[in-house]
Structures are given as C-alpha cells and as structure tokens.
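Okay, model-v9.csv now, which holds CSV, C-alpha atoms:
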chain,number,residue,atom,x,y,z
X,14,MET,CA,109.4,84.4,103.5
X,15,TYR,CA,112.8,83.1,104.5
X,16,ARG,CA,113.8,80.7,107.2
X,17,VAL,CA,117.2,82.0,108.2
X,18,ASP,CA,120.0,80.2,110.0
X,19,ILE,CA,120.8,83.2,112.0
X,20,THR,CA,118.8,86.4,112.5
X,21,ALA,CA,120.6,89.6,111.7
X,22,ASP,CA,120.0,93.1,110.6
X,23,LEU,CA,121.8,93.1,107.2
X,24,ASN,CA,122.4,96.8,107.6
X,25,ASP,CA,124.7,96.2,110.6
X,26,GLU,CA,128.5,96.5,110.2
X,27,ASP,CA,131.2,97.1,112.7
X,28,HIS,CA,134.8,98.2,112.5
X,29,THR,CA,135.8,95.0,110.7
X,30,GLY,CA,133.5,95.9,107.8
X,31,TYR,CA,131.5,92.7,108.2
X,32,ILE,CA,127.9,92.2,109.1
X,33,TRP,CA,127.5,91.1,112.7
X,34,THR,CA,124.9,89.5,115.0
X,35,PHE,CA,124.8,87.4,118.1
X,36,LEU,CA,125.4,83.6,118.1
X,37,ASP,CA,122.4,83.0,120.2
X,38,GLU,CA,120.2,84.4,117.4
X,39,ALA,CA,121.0,81.2,115.4
X,40,ARG,CA,118.5,78.4,115.0
X,41,ASP,CA,121.3,76.0,115.6
X,42,PRO,CA,124.4,77.7,117.0
X,43,ALA,CA,126.4,74.5,116.4
X,44,GLN,CA,126.1,75.2,112.6
X,45,ILE,CA,127.7,78.7,113.0
X,46,ARG,CA,131.4,78.1,112.7
X,47,PRO,CA,134.1,79.8,110.7
X,48,ALA,CA,133.8,79.3,106.9
X,49,ALA,CA,130.3,77.9,107.2
X,50,ILE,CA,127.8,79.2,104.5
X,51,VAL,CA,124.6,80.3,106.1
X,52,ILE,CA,121.4,82.2,105.4
X,53,ALA,CA,121.3,85.4,107.5
X,54,GLY,CA,118.7,88.1,107.9
X,55,ASP,CA,115.1,87.8,108.7
X,56,GLU,CA,111.9,86.5,107.2
X,57,GLU,CA,111.7,89.4,104.7
X,58,THR,CA,115.3,90.1,103.8
X,59,ALA,CA,117.9,87.4,103.8
X,60,ALA,CA,121.3,86.8,102.2
X,61,VAL,CA,123.8,84.1,101.8
X,62,CYS,CA,126.8,84.8,104.0
X,63,GLN,CA,130.0,83.1,105.1
X,64,VAL,CA,130.9,83.0,108.8
X,65,VAL,CA,134.1,84.9,109.3
X,66,ASP,CA,134.7,84.5,113.0
X,67,LEU,CA,133.1,84.4,116.4
X,68,VAL,CA,134.1,87.0,119.0
X,69,PRO,CA,133.0,87.4,122.7
X,70,ALA,CA,131.2,90.7,123.2
X,71,GLY,CA,128.6,92.0,125.7
X,72,ASP,CA,126.9,89.0,127.3
X,73,GLY,CA,127.3,86.8,124.3
X,74,THR,CA,129.3,86.0,121.2
X,75,ILE,CA,129.3,88.1,118.1
X,76,VAL,CA,129.3,86.4,114.7
X,77,HIS,CA,130.9,88.2,111.8
X,78,LEU,CA,129.4,87.5,108.4
X,79,LYS,CA,130.7,88.1,105.0
X,80,LEU,CA,128.0,89.0,102.5
X,81,LEU,CA,128.2,86.8,99.4
X,82,PRO,CA,127.0,88.0,96.0
X,83,GLY,CA,123.6,87.1,94.6
X,84,LEU,CA,120.2,86.3,96.1
X,85,VAL,CA,119.1,83.3,98.1
X,86,GLU,CA,117.0,82.4,95.1
X,87,ASP,CA,120.1,82.4,92.9
X,88,TYR,CA,121.7,79.8,95.1
X,89,ARG,CA,118.6,77.7,95.1
X,90,ALA,CA,118.6,77.7,91.3
X,91,LEU,CA,122.3,76.8,91.3
X,92,VAL,CA,121.6,73.8,93.5
X,93,GLU,CA,118.6,72.7,91.3
X,94,ARG,CA,120.8,72.9,88.2
X,95,SER,CA,123.5,70.8,89.8
X,96,LYS,CA,120.9,68.1,90.6
X,97,ALA,CA,119.6,68.1,87.0
X,98,SER,CA,123.0,67.6,85.5
O,24,MET,CA,143.8,99.0,122.7
O,25,ASP,CA,141.3,97.6,125.1
O,26,SER,CA,138.0,98.6,123.7
O,27,LYS,CA,135.8,96.5,126.1
O,28,THR,CA,133.9,98.0,128.9
O,29,SER,CA,133.1,96.2,132.2
O,30,GLY,CA,129.9,94.8,130.7
O,31,GLY,CA,132.0,93.3,127.9
O,32,ARG,CA,130.4,95.6,125.4
O,33,ILE,CA,132.7,97.1,122.7
O,34,GLU,CA,133.3,100.7,123.6
O,35,GLN,CA,132.8,102.8,120.5
O,36,ARG,CA,134.2,106.2,121.6
O,37,ALA,CA,137.7,105.3,120.7
O,38,LEU,CA,136.6,103.5,117.5
O,39,LEU,CA,134.6,106.5,116.1
O,40,ARG,CA,136.1,107.7,112.8
O,41,ASP,CA,137.7,111.1,113.0
O,42,GLU,CA,135.8,112.8,110.2
O,43,GLN,CA,133.4,115.7,109.7
O,44,ALA,CA,129.7,115.0,109.9
O,45,PRO,CA,128.1,114.6,106.5
O,46,LEU,CA,126.5,117.6,104.9
O,47,GLY,CA,122.8,118.1,105.5
O,48,ALA,CA,121.9,117.3,101.9
O,49,THR,CA,123.7,113.9,102.1
O,50,VAL,CA,121.4,111.0,101.6
O,51,VAL,CA,121.6,108.1,104.0
O,52,VAL,CA,120.5,104.6,103.0
O,53,ARG,CA,118.8,102.0,105.2
O,54,GLY,CA,117.6,98.7,103.7
O,55,GLY,CA,114.4,96.9,104.7
O,56,ASN,CA,110.9,97.6,105.7
O,57,ASP,CA,111.1,98.8,109.3
O,58,THR,CA,108.5,98.7,112.0
O,59,GLN,CA,108.6,99.8,115.6
O,60,VAL,CA,109.2,96.2,116.7
O,61,LYS,CA,112.0,95.7,114.2
O,62,LEU,CA,113.7,98.9,115.1
O,63,ARG,CA,113.6,98.2,118.8
O,64,ARG,CA,115.0,94.7,118.2
O,65,HIS,CA,117.9,96.1,116.1
O,66,ALA,CA,118.6,99.0,118.6
O,67,GLU,CA,118.7,96.6,121.5
O,68,ARG,CA,121.0,94.3,119.7
O,69,THR,CA,123.4,97.2,119.2
O,70,ALA,CA,123.1,98.1,122.8
O,71,ARG,CA,123.9,94.6,123.8
O,72,ALA,CA,127.1,94.6,121.9
O,73,TRP,CA,128.3,98.3,122.0
O,74,SER,CA,128.7,101.0,124.5
O,75,LEU,CA,129.4,104.7,124.2
O,76,ASP,CA,131.2,106.4,127.1
O,77,GLY,CA,130.4,103.3,129.2
O,78,ARG,CA,126.7,103.2,128.5
O,79,PRO,CA,124.9,100.8,126.3
O,80,LEU,CA,124.6,102.3,122.8
O,81,LEU,CA,121.1,102.1,121.4
O,82,GLY,CA,121.2,102.6,117.6
O,83,ILE,CA,120.5,101.4,114.1
O,84,SER,CA,122.8,101.2,111.1
O,85,VAL,CA,122.7,103.4,108.0
O,86,PHE,CA,125.1,104.1,105.2
O,87,ALA,CA,125.8,107.6,103.8
O,88,VAL,CA,126.2,108.3,100.2
O,89,LEU,CA,129.7,109.8,100.4
O,90,ASP,CA,132.3,108.3,98.2
O,91,MET,CA,130.3,106.6,95.4
O,92,PRO,CA,127.1,107.3,93.6
O,93,LEU,CA,123.9,106.0,95.2
O,94,GLU,CA,123.4,103.5,92.5
O,95,LYS,CA,126.7,101.9,93.1
O,96,LEU,CA,126.3,101.8,96.9
O,97,LEU,CA,122.9,100.1,96.4
O,98,ARG,CA,124.3,97.6,94.0
O,99,GLN,CA,127.3,96.7,96.2
O,100,ARG,CA,125.7,96.7,99.6
O,101,PHE,CA,121.9,96.6,99.3
O,102,ALA,CA,121.1,94.2,96.4
O,103,ASN,CA,119.4,91.9,98.8
O,104,PHE,CA,116.9,94.5,100.0
O,105,ARG,CA,113.6,94.8,98.1
O,106,ASN,CA,112.9,98.1,99.9
O,107,ILE,CA,115.0,101.0,101.1
O,108,TYR,CA,114.8,104.3,102.9
O,109,LEU,CA,116.6,107.3,101.6
O,110,PRO,CA,116.3,110.2,104.0
O,111,THR,CA,118.8,113.1,104.1
O,112,VAL,CA,121.0,113.9,107.1
O,113,THR,CA,119.0,117.1,107.5
O,114,ARG,CA,115.7,115.2,107.8
O,115,ARG,CA,117.2,113.0,110.5
O,116,ALA,CA,118.5,115.9,112.4
O,117,ARG,CA,115.1,117.7,112.2
O,118,TYR,CA,113.7,114.8,114.1
O,119,GLY,CA,116.4,114.9,116.7
O,120,PHE,CA,118.7,112.1,115.7
O,121,ASP,CA,122.5,112.2,115.7
O,122,LEU,CA,124.7,110.2,113.5
O,123,LEU,CA,127.8,108.5,114.9
O,124,PRO,CA,130.6,107.6,112.5
O,125,THR,CA,130.9,103.9,113.5
O,126,GLY,CA,132.4,101.0,111.7
O,127,GLN,CA,134.0,101.7,108.3
O,128,ARG,CA,133.1,104.7,106.2
O,129,PRO,CA,130.4,105.2,105.0
O,130,HIS,CA,128.6,103.3,107.9
O,131,PHE,CA,126.9,105.4,110.6
O,132,THR,CA,124.8,104.6,113.6
O,133,VAL,CA,121.7,106.6,114.3
O,134,TRP,CA,121.9,107.2,118.0
O,135,LEU,CA,118.7,106.6,120.0
O,136,ARG,CA,118.4,107.7,123.6
O,137,ARG,CA,115.8,105.3,125.0
O,138,ALA,CA,114.2,103.4,122.1
O,139,SER,CA,110.9,104.3,123.6
O,140,ASP,CA,107.7,103.9,121.6
O,141,GLU,CA,107.7,107.7,121.0
O,142,GLU,CA,111.3,107.8,119.9
O,143,LEU,CA,110.9,104.8,117.6
O,144,ASP,CA,107.8,106.3,116.0
O,145,ARG,CA,109.7,109.5,115.5
O,146,LEU,CA,112.5,107.5,113.9
O,147,LEU,CA,110.1,105.8,111.5
O,148,ILE,CA,108.9,109.3,110.4
O,149,ALA,CA,112.4,110.5,110.1
O,150,LEU,CA,113.2,107.5,107.8
O,151,GLY,CA,110.5,108.8,105.4
O,152,ASP,CA,108.6,106.6,102.9
O,153,VAL,CA,109.9,103.2,102.2
O,154,GLN,CA,110.5,102.8,98.5
O,155,PRO,CA,111.4,100.0,96.0
O,156,ASN,CA,115.1,99.4,95.7
O,157,PRO,CA,116.0,100.0,92.0
O,158,GLU,CA,119.1,97.9,92.4
O,159,TYR,CA,117.4,94.9,94.1
O,160,ALA,CA,118.7,91.7,92.6
O,161,VAL,CA,120.8,93.6,90.0
O,162,SER,CA,124.2,92.3,91.1
O,163,ARG,CA,123.5,88.6,90.7
O,164,HIS,CA,126.6,87.2,89.2
O,165,LEU,CA,126.7,83.6,90.3
O,166,THR,CA,128.6,81.3,88.1
As structure tokens, how would this structure be written, given the file I've shared?
Amino acid sequence: MYRVDITADLNDEDHTGYIWTFLDEARDPAQIRPAAIVIAGDEETAAVCQVVDLVPAGDGTIVHLKLLPGLVEDYRALVERSKAS
Amino acid sequence: MDSKTSGGRIEQRALLRDEQAPLGATVVVRGGNDTQVKLRRHAERTARAWSLDGRPLLGISVFAVLDMPLEKLLRQRFANFRNIYLPTVTRRARYGFDLLPTGQRPHFTVWLRRASDEELDRLLIALGDVQPNPEYAVSRHLT
C-alpha cells in the first residue's frame, strides 16, 4: 500500500508525452511545484515522478509528471543506504 | 492553435494523430488492477480535462504495441505495474469500444459514452483477465 503525494492514473499521457493529473488530487497542493520529486499513482501502483509544469485546464490545474526510473522501494533503499554511510 | 473549449477543457479533435487505426490483432496494454470504481474515476478525470467535439470526453488510457516489442514497451513504460491487461484491438471492438489516437504514439484513449455501470462492466470484460507483468521491477537502474 502506498501513500501517494498526488493521485494519478499512471497510464494517462497527453500530447506532451507526460503523465498528467489534477492538482487538487494532491494531498498537499503546495508541495506540487515544478521540479519537485513526488510519489504519484494510487495505493496499489505508485511511481517516483518529477513535476514538469502546471497548466490550467477544465475547472482546475493539470500537473504534468515525468516518470523516473525504478520503483518507490528502490528510492527507499537508496535513502536508507545514505543514512548508513 | 486554441485547443480549449468554453469549459476550459482541452479539445482533442484537432490533437488526434492522423494515423490508421491499429490492426485488429494488435495488442493494447493497460497497467493496473481495474475495478468499476477505478475505471469511473479515471474516465471522469479525463472528461474533466478533455473534450471531443465540444463534449466532455470520457475515456481511459491504453498503449498499443506498434513500434516496439511488447517486452520493451512493458519495460520502458509499465515497470511500476505489478499487473497488466493485454487485450487485442479486436476484442475491444467486439465489446463496442473505439480507440482514439490521443497523446503521442502509441497512446490511445478507449472512448466511453456514459461511463454507466453497464458500460464499465463491459469494459472490464473487454480488458480480459488481469495478469502478472513479467517486466515488473525489471528496469530498476538507480545508482
């Protein structure tokens, strides 16, 4: 189970080639700013992404997300290694 | 090009790729473990952002296996998904769903008309059996 920063369908892409979702699906929208590293997806499927930009669309703001390589678990292990050294 | 409609949604008609529909035997990929609730949420998110011919576009995303082998597509784009669906274009069409060439190739949107319970149940059947993703966690190259 994941606790994501922003809910998204990681299948979704638009004409930019990036994953997209709405800013108001973030737990804390203030954390969602360009270049921020976030966990996106849902409780079952999540990925580490970088925020590309925020664009007005529909009745809200679309967030474009760049999918970064590796699993959330890989980043957790990376952080743990950095603490141990 | 002004691609916004009056509702602020991004109009997709002018953004659709000019390409032939995938052949019936083409496999399409969708990651995850979908339920009626999840599919409705995703379709409504799309309709909130996108329109087609001025009307909210209900749809969900899939990727067609067109320009690279399935294994490579799974490794590049679906490594975070434990499970995937791999229906063919023909199977989707049999259940009455059209594919729109949205976004960048090979992304497509499965177009829903109402996202009613009946239509979402039919979509779940059209997706076929969920199966383990053989490329899950394969492309983990963090240094």
Take atom CA of O:Arg117 and atom CA of O:Lys61 and report the distance between them in Å, one decimal.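 Taking atom CA of O:Arg117 and atom CA of O:Lys61, their separation equals 22.3 Å.
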Measuring atom to atom with only C-alpha atoms, identify which of X:Leu67, X:Leu78, X:Val51, X:Leu23 is nearest to chain O.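 Residue with the minimum atom-to-atom distance to chain O: X:Leu23.
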Counting all atoms listed in the file, give me one row per residue of chain X with an atom at most 8 Å from an atom of chain O, showing the shortest contact pair and its distance in Å to one decimal, sorted by chain then residue number, as a Markdown table.
| residue | atom | partner | partner_atom | distance |
| --- | --- | --- | --- | --- |
| X:Asp22 | CA | O:His65 | CA | 6.6 |
| X:Leu23 | CA | O:Gly54 | CA | 7.8 |
| X:Asn24 | CA | O:Ser84 | CA | 5.6 |
| X:Asp25 | CA | O:Ser84 | CA | 5.4 |
| X:Glu26 | CA | O:Gly126 | CA | 6.1 |
| X:Asp27 | CA | O:Gly126 | CA | 4.2 |
| X:His28 | CA | O:Gly126 | CA | 3.8 |
| X:Thr29 | CA | O:Gly126 | CA | 7.0 |
| X:Gly30 | CA | O:Gln127 | CA | 5.8 |
| X:Thr34 | CA | O:Arg68 | CA | 7.8 |
| X:Glu57 | CA | O:Gly55 | CA | 8.0 |
| X:Thr58 | CA | O:Phe104 | CA | 6.0 |
| X:Ala59 | CA | O:Asn103 | CA | 6.9 |
| X:Ala60 | CA | O:Asn103 | CA | 6.4 |
| X:Pro69 | CA | O:Gly31 | CA | 7.9 |
| X:Ala70 | CA | O:Arg32 | CA | 5.4 |
| X:Gly71 | CA | O:Arg32 | CA | 4.0 |
| X:Asp72 | CA | O:Gly31 | CA | 6.7 |
| X:Ile75 | CA | O:Ala72 | CA | 7.8 |
| X:Pro82 | CA | O:Arg163 | CA | 6.4 |
| X:Gly83 | CA | O:Arg163 | CA | 4.2 |
| X:Leu84 | CA | O:Asn103 | CA | 6.3 |
| X:Asp87 | CA | O:Leu165 | CA | 7.2 |
| X:Tyr88 | CA | O:Leu165 | CA | 7.9 |
Nearest to O:Leu135, restricted to only C-alpha atoms and choosing among O:Arg63, O:Leu93, O:Leu109, O:Glu42, comes out as O:Arg63
Which residue of O:Met91, O:Asp152, O:Gly47, O:Leu147 approaches O:Gln59 most closely, using all atoms listed in the file: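 The answer is O:Leu147, which sits nearest to O:Gln59.
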Identify the residues around (114.1, 109.3, 117.2) within a radius of 10 Å, measuring from only C-alpha atoms in the coordinates stated by the file, and give them as an MDAnalysis selection string. chainID O and resid 82 115:121 133:150
Long-range neighbours of X:Ile50 as an MDAnalysis selection string, 7 Å cut-off, only C-alpha atoms, 5 positions minimum in chain: chainID X and resid 61:64
Mind giving me the straight-line distance from atom CA of O:Val50 to atom CA of X:Thr20 in Å, one decimal?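 Distance reported for this atom pair: 27.0 Å.
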Residue contacts of stretch 38-44 of chain X (8 Å, all atoms listed in the file) excluding same-chain residues fewer than 2 positions away, as a list in words: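 Counting only the stated atoms, we get Val17, Asp18, Ile19, Thr20, Ala21, Thr34, Phe35, Leu36, Arg46 and Ala49 of chain X.
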Can I get the selection written as a compact mmCIF listing (two decimals), in the coordinates of the input, with C-alpha atoms?
# COMPACT_ATOMS: atom_id res chain seq x y z
CA VAL X 17 117.20 82.00 108.20
CA ASP X 18 120.00 80.20 110.00
CA ILE X 19 120.80 83.20 112.00
CA THR X 20 118.80 86.40 112.50
CA ALA X 21 120.60 89.60 111.70
CA THR X 34 124.90 89.50 115.00
CA PHE X 35 124.80 87.40 118.10
CA LEU X 36 125.40 83.60 118.10
CA ARG X 46 131.40 78.10 112.70
CA ALA X 49 130.30 77.90 107.20
Would you work out the distance separating atom CA of O:Pro110 from atom CA of O:Glu67, expressed in Å to one decimal?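 Distance reported for this atom pair: 22.3 Å.
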With distances taken over all atoms listed in the file, which residue among X:Val92, X:Ile52, X:Ile32, X:Tyr15 lies nearest X:Val65?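 For X:Val65, the nearest of the given residues is X:Ile32.
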